[in-house]
Amino acid sequence: MIARVAPIIATYKRDTAQSIPNNAWTIVDYNVQVKDTYGAVTTGAAWKFVAPVSTTYIGVASILFAQNTAFAVGENITLAVNINGLRPYPSRNDQINTSTNLYGPSIAISFIAYLNINDVVYVEVYQNSGSALNLYTDGRYNYFSIAGLPTI
């Protein structure tokens, strides 16, 4: 007989602007719940997912900066997954190679990690455009989703 836990799924999005300051790592507040089978996410400035079960998790996070966002060539946006206060995986970094004003730059990152019960995961973004910038107001582009694999 194979024992399985109930599905662990947490999906959140952001439909409103969030200001991302210049030259500062900032926790992304995915503030709209789509599904959260264990109530494992805390929203707000200290947004976090807390693992309800020890197992392997697969996750993805994405952001899109607002339209008319002025980045200059050579400036960067970086997205990172943080687990228990550390960034155990390489951050996803994009260096701007053309000036953009019509569409803001986007970035996404995925990860697979074994999490123990009560391990904490959150997503951070960094940008160095010279001023604070807003995320685009559409949850189709600003989202976080994580699923725990069944234990056997």
# chains A, B, ... in the order shown; residues from 1 in each chain; ligands from 1
>>> select_by_dssp(residues="chain A", states="strand (DSSP E or B)", output="ChimeraX atom specification")
/A:8-13,19-20,26-27,32-36,41-42,48-50,55-65,71,76-83,86,92-95,100,106-115,120-127,133-135,143-148
>>> closest_atom_pairs(of="range 3-31 of chain A", to="range 63-86 of chain A", cutoff="9 Å", atoms="only C-alpha atoms", output="CSV")
residue,atom,partner,partner_atom,distance
A:Arg14,CA,A:Ile63,CA,8.9
A:Ala17,CA,A:Ala66,CA,8.0
A:Trp25,CA,A:Thr78,CA,8.9
A:Val28,CA,A:Ile63,CA,8.6
>>> closest_residue(among="A:Leu133, A:Ala113, A:Val60, A:Ala40", to="Ile20 in chain A", atoms="only C-alpha atoms")
A:Leu133
>>> closest_residue(among="A:Tyr143, A:Tyr136, A:Tyr57, A:Tyr122", to="Val41 in chain A", atoms="only C-alpha atoms")
A:Tyr122
>>> residues_around(residues="range 144-146 of chain A", least_positions_apart="4", cutoff="6 Å", atoms="only C-alpha atoms", output="PyMOL selection string")
chain A and resi 9-12+58-61
>>> write_last_selection(atoms="C-alpha atoms", output="PDB file, in the first residue's frame")
ATOM      1  CA  ILE A   9      -0.714  23.442  -3.898  1.00  0.00           C
ATOM      2  CA  ALA A  10      -0.287  27.166  -3.363  1.00  0.00           C
ATOM      3  CA  THR A  11      -0.809  29.589  -6.228  1.00  0.00           C
ATOM      4  CA  TYR A  12      -0.871  33.349  -5.769  1.00  0.00           C
ATOM      5  CA  ILE A  58       8.387  22.250  -7.468  1.00  0.00           C
ATOM      6  CA  GLY A  59       7.894  25.993  -7.756  1.00  0.00           C
ATOM      7  CA  VAL A  60       7.850  28.876 -10.198  1.00  0.00           C
ATOM      8  CA  ALA A  61       7.772  32.648  -9.791  1.00  0.00           C
TER       9      ALA A  61
END
>>> residues_around(residues="Ala24 in chain A", least_positions_apart="2", cutoff="6 Å", atoms="only C-alpha atoms", output="MDAnalysis selection string")
chainID A and resid 21:22 126
>>> atom_distance(atom1="CA of Tyr38 in chain A", atom2="CA of Ile8 in chain A")
6.7 Å
>>> decode(residues="range 34-149 of chain A", atoms="C-alpha atoms", output="PDB file, in the first residue's frame")
ATOM      1  CA  VAL A  34      -5.787  31.527  -6.435  1.00  0.00           C
ATOM      2  CA  LYS A  35      -5.494  28.237  -4.526  1.00  0.00           C
ATOM      3  CA  ASP A  36      -3.891  27.314  -1.224  1.00  0.00           C
ATOM      4  CA  THR A  37      -4.806  23.824  -0.026  1.00  0.00           C
ATOM      5  CA  TYR A  38      -3.023  24.156   3.326  1.00  0.00           C
ATOM      6  CA  GLY A  39      -3.265  27.905   3.988  1.00  0.00           C
ATOM      7  CA  ALA A  40       0.538  27.914   3.794  1.00  0.00           C
ATOM      8  CA  VAL A  41       1.041  31.488   2.539  1.00  0.00           C
ATOM      9  CA  THR A  42       1.188  34.729   4.504  1.00  0.00           C
ATOM     10  CA  THR A  43       0.672  37.804   2.298  1.00  0.00           C
ATOM     11  CA  GLY A  44       1.958  41.331   2.822  1.00  0.00           C
ATOM     12  CA  ALA A  45       5.412  42.869   3.078  1.00  0.00           C
ATOM     13  CA  ALA A  46       6.672  39.677   4.765  1.00  0.00           C
ATOM     14  CA  TRP A  47       5.099  37.369   2.121  1.00  0.00           C
ATOM     15  CA  LYS A  48       6.096  33.746   2.613  1.00  0.00           C
ATOM     16  CA  PHE A  49       5.174  30.137   1.945  1.00  0.00           C
ATOM     17  CA  VAL A  50       5.667  27.809   4.939  1.00  0.00           C
ATOM     18  CA  ALA A  51       6.028  24.136   4.027  1.00  0.00           C
ATOM     19  CA  PRO A  52       3.173  22.220   5.691  1.00  0.00           C
ATOM     20  CA  VAL A  53       4.775  18.821   5.001  1.00  0.00           C
ATOM     21  CA  SER A  54       8.340  17.572   4.517  1.00  0.00           C
ATOM     22  CA  THR A  55       8.624  16.593   0.840  1.00  0.00           C
ATOM     23  CA  THR A  56      10.050  17.688  -2.500  1.00  0.00           C
ATOM     24  CA  TYR A  57       8.464  20.823  -3.953  1.00  0.00           C
ATOM     25  CA  ILE A  58       8.387  22.250  -7.468  1.00  0.00           C
ATOM     26  CA  GLY A  59       7.894  25.993  -7.756  1.00  0.00           C
ATOM     27  CA  VAL A  60       7.850  28.876 -10.198  1.00  0.00           C
ATOM     28  CA  ALA A  61       7.772  32.648  -9.791  1.00  0.00           C
ATOM     29  CA  SER A  62       7.373  35.423 -12.342  1.00  0.00           C
ATOM     30  CA  ILE A  63       7.207  39.217 -12.425  1.00  0.00           C
ATOM     31  CA  LEU A  64       6.675  41.889 -15.069  1.00  0.00           C
ATOM     32  CA  PHE A  65       7.554  45.529 -14.560  1.00  0.00           C
ATOM     33  CA  ALA A  66       4.999  48.160 -15.571  1.00  0.00           C
ATOM     34  CA  GLN A  67       4.774  49.551 -19.070  1.00  0.00           C
ATOM     35  CA  ASN A  68       6.682  52.746 -19.786  1.00  0.00           C
ATOM     36  CA  THR A  69       9.431  51.569 -17.464  1.00  0.00           C
ATOM     37  CA  ALA A  70      12.672  53.244 -18.450  1.00  0.00           C
ATOM     38  CA  PHE A  71      15.662  50.957 -18.171  1.00  0.00           C
ATOM     39  CA  ALA A  72      18.995  51.876 -19.700  1.00  0.00           C
ATOM     40  CA  VAL A  73      21.379  49.488 -21.412  1.00  0.00           C
ATOM     41  CA  GLY A  74      23.460  47.661 -18.780  1.00  0.00           C
ATOM     42  CA  GLU A  75      20.976  47.927 -15.917  1.00  0.00           C
ATOM     43  CA  ASN A  76      19.744  44.716 -14.288  1.00  0.00           C
ATOM     44  CA  ILE A  77      16.697  42.961 -12.900  1.00  0.00           C
ATOM     45  CA  THR A  78      17.188  39.907 -10.720  1.00  0.00           C
ATOM     46  CA  LEU A  79      14.704  37.416  -9.265  1.00  0.00           C
ATOM     47  CA  ALA A  80      15.676  35.010  -6.489  1.00  0.00           C
ATOM     48  CA  VAL A  81      14.083  32.224  -4.470  1.00  0.00           C
ATOM     49  CA  ASN A  82      14.929  32.490  -0.789  1.00  0.00           C
ATOM     50  CA  ILE A  83      14.661  29.439   1.484  1.00  0.00           C
ATOM     51  CA  ASN A  84      15.099  29.928   5.222  1.00  0.00           C
ATOM     52  CA  GLY A  85      16.941  33.214   4.711  1.00  0.00           C
ATOM     53  CA  LEU A  86      19.355  31.876   2.073  1.00  0.00           C
ATOM     54  CA  ARG A  87      19.426  31.915  -1.705  1.00  0.00           C
ATOM     55  CA  PRO A  88      20.431  28.286  -2.371  1.00  0.00           C
ATOM     56  CA  TYR A  89      19.877  28.498  -6.121  1.00  0.00           C
ATOM     57  CA  PRO A  90      21.413  30.830  -8.680  1.00  0.00           C
ATOM     58  CA  SER A  91      19.333  33.963  -9.056  1.00  0.00           C
ATOM     59  CA  ARG A  92      17.766  34.661 -12.423  1.00  0.00           C
ATOM     60  CA  ASN A  93      19.411  37.830 -13.714  1.00  0.00           C
ATOM     61  CA  ASP A  94      18.713  39.772 -16.900  1.00  0.00           C
ATOM     62  CA  GLN A  95      20.868  42.622 -18.053  1.00  0.00           C
ATOM     63  CA  ILE A  96      18.956  45.135 -20.128  1.00  0.00           C
ATOM     64  CA  ASN A  97      20.443  45.246 -23.622  1.00  0.00           C
ATOM     65  CA  THR A  98      18.136  47.825 -25.140  1.00  0.00           C
ATOM     66  CA  SER A  99      16.280  50.829 -23.822  1.00  0.00           C
ATOM     67  CA  THR A 100      12.638  49.950 -23.182  1.00  0.00           C
ATOM     68  CA  ASN A 101       9.627  52.146 -22.629  1.00  0.00           C
ATOM     69  CA  LEU A 102       6.721  50.383 -24.329  1.00  0.00           C
ATOM     70  CA  TYR A 103       6.868  47.109 -22.362  1.00  0.00           C
ATOM     71  CA  GLY A 104       8.475  46.605 -18.994  1.00  0.00           C
ATOM     72  CA  PRO A 105      11.000  43.785 -18.628  1.00  0.00           C
ATOM     73  CA  SER A 106       9.899  40.449 -17.189  1.00  0.00           C
ATOM     74  CA  ILE A 107      11.740  37.651 -15.455  1.00  0.00           C
ATOM     75  CA  ALA A 108      10.831  34.196 -14.143  1.00  0.00           C
ATOM     76  CA  ILE A 109      12.536  31.490 -12.111  1.00  0.00           C
ATOM     77  CA  SER A 110      11.708  27.875 -11.320  1.00  0.00           C
ATOM     78  CA  PHE A 111      13.061  25.555  -8.655  1.00  0.00           C
ATOM     79  CA  ILE A 112      12.902  22.072  -7.172  1.00  0.00           C
ATOM     80  CA  ALA A 113      13.744  21.720  -3.490  1.00  0.00           C
ATOM     81  CA  TYR A 114      13.290  19.305  -0.630  1.00  0.00           C
ATOM     82  CA  LEU A 115      11.674  21.303   2.169  1.00  0.00           C
ATOM     83  CA  ASN A 116      11.244  20.211   5.735  1.00  0.00           C
ATOM     84  CA  ILE A 117       8.045  21.042   7.557  1.00  0.00           C
ATOM     85  CA  ASN A 118       8.023  24.763   8.502  1.00  0.00           C
ATOM     86  CA  ASP A 119      10.775  25.711   6.027  1.00  0.00           C
ATOM     87  CA  VAL A 120      10.088  29.202   4.666  1.00  0.00           C
ATOM     88  CA  VAL A 121      10.177  30.194   0.986  1.00  0.00           C
ATOM     89  CA  TYR A 122       9.823  33.675  -0.451  1.00  0.00           C
ATOM     90  CA  VAL A 123      10.704  35.472  -3.674  1.00  0.00           C
ATOM     91  CA  GLU A 124      12.867  38.576  -3.904  1.00  0.00           C
ATOM     92  CA  VAL A 125      13.395  41.013  -6.755  1.00  0.00           C
ATOM     93  CA  TYR A 126      16.212  43.498  -7.311  1.00  0.00           C
ATOM     94  CA  GLN A 127      16.525  46.257  -9.908  1.00  0.00           C
ATOM     95  CA  ASN A 128      19.006  49.068 -10.445  1.00  0.00           C
ATOM     96  CA  SER A 129      17.306  51.459 -12.867  1.00  0.00           C
ATOM     97  CA  GLY A 130      18.088  54.485 -10.720  1.00  0.00           C
ATOM     98  CA  SER A 131      14.604  54.898  -9.204  1.00  0.00           C
ATOM     99  CA  ALA A 132      11.734  52.886  -7.748  1.00  0.00           C
ATOM    100  CA  LEU A 133       9.661  51.000 -10.314  1.00  0.00           C
ATOM    101  CA  ASN A 134       6.234  49.363 -10.157  1.00  0.00           C
ATOM    102  CA  LEU A 135       5.272  45.845 -11.100  1.00  0.00           C
ATOM    103  CA  TYR A 136       2.648  45.590 -13.837  1.00  0.00           C
ATOM    104  CA  THR A 137      -0.947  45.271 -12.630  1.00  0.00           C
ATOM    105  CA  ASP A 138      -1.779  41.859 -14.089  1.00  0.00           C
ATOM    106  CA  GLY A 139      -1.642  38.535 -12.248  1.00  0.00           C
ATOM    107  CA  ARG A 140      -1.075  36.650 -15.503  1.00  0.00           C
ATOM    108  CA  TYR A 141       2.516  37.916 -15.341  1.00  0.00           C
ATOM    109  CA  ASN A 142       3.084  38.323 -11.600  1.00  0.00           C
ATOM    110  CA  TYR A 143       2.572  34.920 -10.006  1.00  0.00           C
ATOM    111  CA  PHE A 144       4.000  32.286  -7.681  1.00  0.00           C
ATOM    112  CA  SER A 145       3.008  28.642  -7.668  1.00  0.00           C
ATOM    113  CA  ILE A 146       4.378  25.734  -5.666  1.00  0.00           C
ATOM    114  CA  ALA A 147       3.337  22.089  -5.415  1.00  0.00           C
ATOM    115  CA  GLY A 148       4.534  19.414  -3.050  1.00  0.00           C
ATOM    116  CA  LEU A 149       5.147  16.012  -4.571  1.00  0.00           C
TER     117      LEU A 149
END
